[in-house]
Structure formats: C-alpha cells, structure tokens
Amino acid sequence: MNNEVILQAENLSRYFGGVKAVDGVSFSLRRNEVLGVIGPNGSGKTTLANLLTGFVKPSKGKIFFEGQDITGLPPYKVADRGIARSFQMVKPFYQLPAFKNLNVALLSPRVRRLAGGRYGDRDAVAKDLLEEVGFERDSWVISHQAASLPHGYLKRLELAKCMALQPEVIVLDELFSGLSLAEVASLVPVIEKLVHQGKTLVMIEHRLKELFRIADRVLVLNFGQKIAEGEPAQVMEDPQVKGAYLGSEAEE
Amino acid sequence: MAQRKERIDRGIKVRSDDVFVLTSWREMLYLAAPRVVPVVALFVLGLVAGPYWERVLISTCMFALLAISWDLLNSAGMVSLGQALFFGVGAYIAGTLNHYLGLPPGLTIPIATIGGGVLCTVALLPVLRLRGIYFAMVTLILPMMIERVIEATKIFGGTEGISGLSTLGNPHLEFWLAAVMVFVALFGFRRMMGSDYGLLLKGINDNDRAVMSAGMNIYHYKAQALFMSSSVGAFAGAFMTHAYQFVGMPVFALDYSMIPIASVAVGGMGTLAGPMLGSFILVPLSELLRGLGGLRVVIYAVILVVFTVGLPEGIFHYLSRKYNQFERWVGVER
C-alpha cells in the first residue's frame with residue numbers, strides 16, 4: 001500500500017425525496033487498499049456503490065478519481081476510467097455462454113486501449129479469467145448458458161467480469177452474499193491475489209468475519225451517515241457501531 | 001456389421017462449437033440445405049406465380065422485411081409496437097420525392113431508406129433511455145400522431161394521398177428485387193448477430209446495466225440498431241409506395257405494426273429467420289381467406305391462436321430443433 005489517494009469522496013449525498021440514502025459521506029481511498037463498507041440493511045451501502053460508479057448522480061458532493069473530478073459522469077465513462085463494479089443482484093447475460101459473458105467486457109474501449117489497440121484472443125482470455133475465479137476449465141460449465149448456472153458460479157462470473165475490464169478500483173457489492181462458507185473460503189484467495197496485483201478494492205459486505213480478514217480499513221454507515229472509520233478491530237469496539245448492529249438500550 | 005443411430009450434426013458439433021469443420025459433401029449439404037432451399041423455393045414460386053400472386057409475394061416480402069426489422073430491434077432490447085412509423089416515413093419520403101421533385105424510383109428508394117432511417121432514429125433518440133413497455137408505447141403513438149397531422153394540415157395530399165407515382169417498370173423485376181432484399185437483410189443481419197457486435201446487442205437486451213458497467217456506451221449501440229431497423233422498415237415502405245404507385249395515410253395503419261409482431265410470434269423470436277417464415281405463412285394465408293368475406297378475420301384469428309398455443313416457441317425454433325435431431329444409421333465396428 002502506498003499513500004497515493006486514488007479515490008476520494010467529499011461530502012457525498014444522495015436524497016430520494018425525503019429519504020437521505022447517503023448523507024454527507026466523505027472518505028479517501030489509497031491505492032492498493034481494501035476498504036470494507038459495512039452497515040445494517042438500508043444504511044446506504046449500495047447507494048454508495050451506485051454513486052461511486054455513476055449509476056446514481058449525487059445530490060451533493062464530489063468524487064475524485066486519480067485526481068480528476070468524476071462527479072456526474074455516466075456509468076460507462078466511469079468504468080472506462082477504471083472503476084469496475086459487481087452487482088449485488090447478479091446481472092449476467094443469461095442467453096450467452098458463461099465465457100461469452102466476459103467477451104462483452106473484453107470488447108470495451110478500455111481493454112483495447114490497454115492492450116495497445118488490439119483485442120487479442122478474447123475467448124482464451126475469458127476462459128483464463130474464469131479459471132482464475134474458480135470455474136473448472138475444460139468442463140461444460142464455461143460454455144454453458146449463464147441462465148443454467150448455479151448462484152455460486154454467477155457470483156464468480158460477476159467478479160470475473162470486473163477483472164476483465166482490468167480496472168484500478170473494483171467496487172464489490174456484497175460478493176459473498178448467498179454463498180456457502182466453502183464458496184466464500186475459495187473466493188478469498190482470489191481477492192487476495194487481486195490485492196497482490198495492486199488493485200484497490202471497495203468491498204460492501206455483510207459477512208464481517210471474512211471481510212475483516214481482507215480489509216485494511218472499514219467504514220461503517222448507518223442511516224446514510226458515516227458513523228465510524230478505521231481498522232476493523234478498533235471499529236467494532238466503537239459504541240455507535242455496536243448500537244447500530246445490536247441496537248442501543250432505550251434511554252430511560 | 002452392426003448399426004446404430006447417430007445424429008447427422010454430431011460429427012459437425014463434436015469437432016467444434018462455432019467453427020464448422022466439414023469433412024464430406026453430405027455434411028456440407030446438411031448445413032447448406034436449410035439456407036439454399038428457402039432461397040430457391042421463393043424464386044421458383046415467383047416464376048410459377050401468376051400476376052396476382054406475384055403481387056401478394058411482393059407484399060409478403062415487404063412484411064417479412066418489417067418482421068425482420070422488428071426482430072432486430074427486439075434483439076437489441078427495444079420492443080416496438082410501431083413498425084408502421086418506419087414503413088410510413090419511408091413511404092412518404094419516396095412518394096413526395098417522386099411526386100414533387102420527379103425523382104425516379106432508383107433514387108427515391110435509396111434516399112428514403114437512408115433518410116427514413118435517420119429521421120426515425122432522431123425522432124426516437126430522446127426515448128432510447130426508456131425500456132420495455134415505455135419505449136413500446138412511444139413507438140405506438142408516433143405513427144398515429146403523424147397520421148392525424150397529415151389529416152389536419154392536409155400536407156402531402158392530405159386524406160387523398162398522392163397517386164400516380166412511377167413504378168419500377170417490370171413487375172417481375174419488382175418481385176426479384178423484393179426477394180433479393182429479403183435474403184440480403186436476413187442473412188446479413190443473422191451474420192451480424194453472430195459477430196462480436198451482435199454479442200454486444202444481445203448483452204444490451206439481456207442486461208443493459210451490466211453492459212454499461214463494462215465501459216460501453218449503450219445508447220450509441222442502441223441508436224445504431226435503431227437506425228438499421230428503421231432503414232429496413234423505410235425501405236419496405238418506399239418499395240411498396242412505388243409498387244402500388246400510391247402513398248397515403250394508410251401507410252401509418254396499425255396493420256404494419258401488428259402483422260410483423262404476429263409473424264414473429266408465429267415464426268419464433270430472436271432468429272430473424274423465424275419472423276420471415278412467419279410472414280410467409282400469415283400474409284398469403286390472409287389472401288387465401290379473402291373469399292370468406294366477414295368470417296375471414298375470425299378464421300385468421302383462430303389460426304393465430306392455434307399457432308401461438310400449439311407452438312409457443314415459434315415454428316422456426318421447432319423446425320430447427322427437429323432438423324438437428326435427424327438421425328442416420330451408421331456402422332459400428334465390434
């Protein structure tokens with residue numbers, strides 16, 4: 001980890017009518033850092049992911065990526081700059097074979113630019129990526145329609161789609177949700193490898209045990225506001241965090 | 001020698017998923033037959049048909065083009081209820097250019113094809129963000145709106161329309177041109193949908209947000225697909241204008257929106273060939289039933305229901321599945 005700030009959010013807010021989904025959240029992310037974002041249901045985690053990747057425009061506040069203002073850019077431009085995301089509700093291309101799902105990302109202008117104007121053998125690259133996230137190579141799985149794949153594979157496919165874009169920052173929206181312990185255990189090394197390769201990760205998670213193994217820093221949201229930020233162990237000692245997760249005692 | 005049954009396409013499929021490696025004339029024939037037979041059949045039909053049925057075949061070809069353009073648009077995630085918009089705009093461009101400026105059909109049809117495509121694409125650009133039924137509603141309303149505008153302002157001949165336009169000359173030439181265009185569109189777009197570009201369009205259809213997050217500007221691709229589809233529709237309109245030597249408000253009629261969709265439902269969605277097959281069943285069928293008078297629509301509707309209930313996947317999907325299941329006897333060495 002170095003000290004260069006790659007992604008910075010300043011006073012980021014998003015209101016849906018009267019609901020303050022995200023309210024004045026500021027944080028900065030250093031290159032090659034893993035930031036965990038936790039919080040109870042409805043605390044604004046997914047809205048934060050949508051704000052960072054351009055799917056939702058902020059009502060207030062600014063986002064800087066590699067020193068440039070990316071506030072209000074459309075999703076495809078944000079992705080093109082190098083922020084990839086996975087979706088909590090998996091979004092595969094159901095009618096395409098699993099590996100062809102990655103070809104869509106591999107056809108993007110960013111991938112071509114990074115490869116020096118060529119696309120290369122996309123099918124082979126896609127199969128390599130799928131093997132990396134835990135698909136069995138040379139089996140029927142990689143060439144079967146995404147619609148017929150079990151949930152665990154679709155989650156892996158989401159991660160592989162992010163990796164295909166060769167991004168700087170990956171925003172993972174509840175990658176571990178709906179997976180078995182064994183499946184999570186097999187995905188953790190994949191993520192550690194990404195960190196080793198120098199990627200920066202924002203992980204929105206409910207599975208705290210697995211997250212704390214990976215995350216350098218944790219940011220806690222509650223009702224759209226940041227209530228704590230810091231190292232995992234230290235954050236969990238915070239009375240406000242305990243209150244948000246366990247419920248605070250009624251004041252007498 | 002003992003024998004067992006084997007699917008004819010087994011040898012072809014086993015060797016590769018998408019690269020066909022053909023090792024015999026028999027395999028070549030197996031692949032070529034479903035493509036060559038319809039082409040030959042249509043041209044033979046055109047040769048044996050009398051003047052009346054030749055006209056029917058021409059309009060069938062135009063409905064087939066509309067159905068193909070509907071299916072293409074649908075493959076890129078845009079459901080249209082208004083192919084009549086494309087058809088009508090093309091028809092009016094060709095008609096007015098021919099009537100007011102005296103341009104020959106050889107010029108008006110290409111101009112109407114490109115110009116109609118551009119006009120319709122620009123008209124629908126603001127609603128490209130809409131998905132599903134919302135996009136469909138707009139496409140349904142636009143042709144009706146244009147129809148009323150022509151009626152109210154009496155431009156381009158108003159309710160009378162413009163008649164006495166030039167023909168392409170020879171009716172046989174008209175048929176041949178129509179048939180060639182259908183197959184050019186069919187095989188061209190099928191090829192396109194199999195390429196990387198088609199992969200992107202299918203991706204947008206499946207999941208536009210995922211394509212966006214892959215760094216792709218989906219509106220760019222949607223606009224291109226819209227242009228291709230509306231050009232095909234506009235060509236059909238321009239061609240019919242010259243074939244009937246008349247253009248008027250009926251070109252925006254609901255028929256031109258609904259028959260293509262019915263063809264897709266009967267033929268099978270997402271294949272391009274299915275919609276074409278569907279129109280080659282439905283349009284001549286409606287001509288055959290013409291003698292029945294008032295009952296015609298009832299019987300037509302019953303046939304439509306029978307098709308959609310009996311073969312919800314569409315005739316083309318059914319036929320292609322059966323074709324792939326053809327078996328032959330092969331020798332087994334012991």
# chains A, B, ... in the order shown; residues from 1 in each chain; ligands from 1
>>> residues_around(residues="Leu285 (chain B)", least_positions_apart="5", cutoff="9 Å", atoms="only C-alpha atoms", output="list in words")
Phe280, Arg290 and Tyr300 of chain B
>>> write_last_selection(atoms="C-alpha atoms", output="CSV table (one decimal), in the first residue's frame")
chain,number,residue,atom,x,y,z
B,280,PHE,CA,-44.6,-16.1,-45.4
B,290,ARG,CA,-60.2,-13.4,-48.8
B,300,TYR,CA,-57.4,-15.8,-39.3
>>> residues_around(residues="Leu154 (chain A)", least_positions_apart="2", cutoff="12 Å", atoms="only C-alpha atoms", output="compact mmCIF listing (two decimals) with C-alpha atoms, in the first residue's frame")
# COMPACT_ATOMS: atom_id res chain seq x y z
CA SER A 86 -20.14 -6.06 -9.34
CA PHE A 87 -23.85 -6.10 -8.67
CA GLN A 88 -25.45 -7.46 -5.55
CA MET A 89 -28.27 -8.87 -7.66
CA VAL A 90 -26.20 -10.76 -10.22
CA LYS A 91 -26.50 -9.37 -13.71
CA PRO A 92 -25.17 -11.97 -16.12
CA PHE A 93 -26.10 -12.07 -19.79
CA TYR A 94 -28.42 -15.00 -19.36
CA PRO A 97 -22.48 -18.89 -22.64
CA ALA A 98 -20.54 -18.17 -19.43
CA PHE A 99 -17.28 -17.26 -21.12
CA ASN A 101 -20.28 -13.00 -20.79
CA LEU A 102 -16.73 -11.82 -20.34
CA LEU A 130 -12.97 -17.84 -15.46
CA VAL A 133 -12.14 -17.20 -10.26
CA GLY A 134 -12.75 -20.90 -9.86
CA PHE A 135 -14.58 -22.23 -12.92
CA VAL A 141 -19.50 -25.07 -17.14
CA ILE A 142 -17.62 -22.37 -19.03
CA HIS A 144 -22.97 -23.38 -20.79
CA GLN A 145 -25.63 -20.70 -20.90
CA ALA A 146 -25.36 -18.38 -17.94
CA ALA A 147 -29.07 -18.93 -17.28
CA SER A 148 -28.37 -22.53 -16.29
CA LEU A 149 -25.51 -21.79 -13.88
CA PRO A 150 -26.00 -22.04 -10.11
CA HIS A 151 -25.82 -18.91 -7.96
CA GLY A 152 -22.27 -19.54 -6.76
CA ARG A 156 -17.86 -15.70 -9.56
CA LEU A 157 -18.85 -14.59 -13.02
CA GLU A 158 -19.62 -11.12 -11.61
CA LEU A 159 -16.11 -10.94 -10.18
CA ALA A 160 -14.58 -12.17 -13.43
CA LYS A 161 -16.48 -9.53 -15.38
CA LEU A 175 -19.92 -10.51 -3.42
CA PHE A 176 -20.19 -13.06 -0.61
CA SER A 177 -23.92 -12.86 -0.07
CA GLY A 178 -25.77 -16.07 -0.81
CA LEU A 179 -22.59 -18.14 -0.96
CA GLU A 183 -17.53 -21.00 -1.59
>>> interface_residues(of="chain B", to="chain A", cutoff="10 Å", atoms="only C-alpha atoms", output="NGL selection string")
:B and (17 or 196-197 or 199-218)
>>> select_by_dssp(residues="region 30-251 of chain A", states="alpha helix (DSSP H)", output="number ranges by chain")
A: 45-52, 75-81, 98-106, 109-114, 122-132, 151-164, 181-196, 208-214, 232-237, 239-246
>>> residues_around(residues="His206 (chain A)", least_positions_apart="3", cutoff="10 Å", atoms="only C-alpha atoms", output="MDAnalysis selection string")
chainID A and resid 36:41 173:177 203 209:211
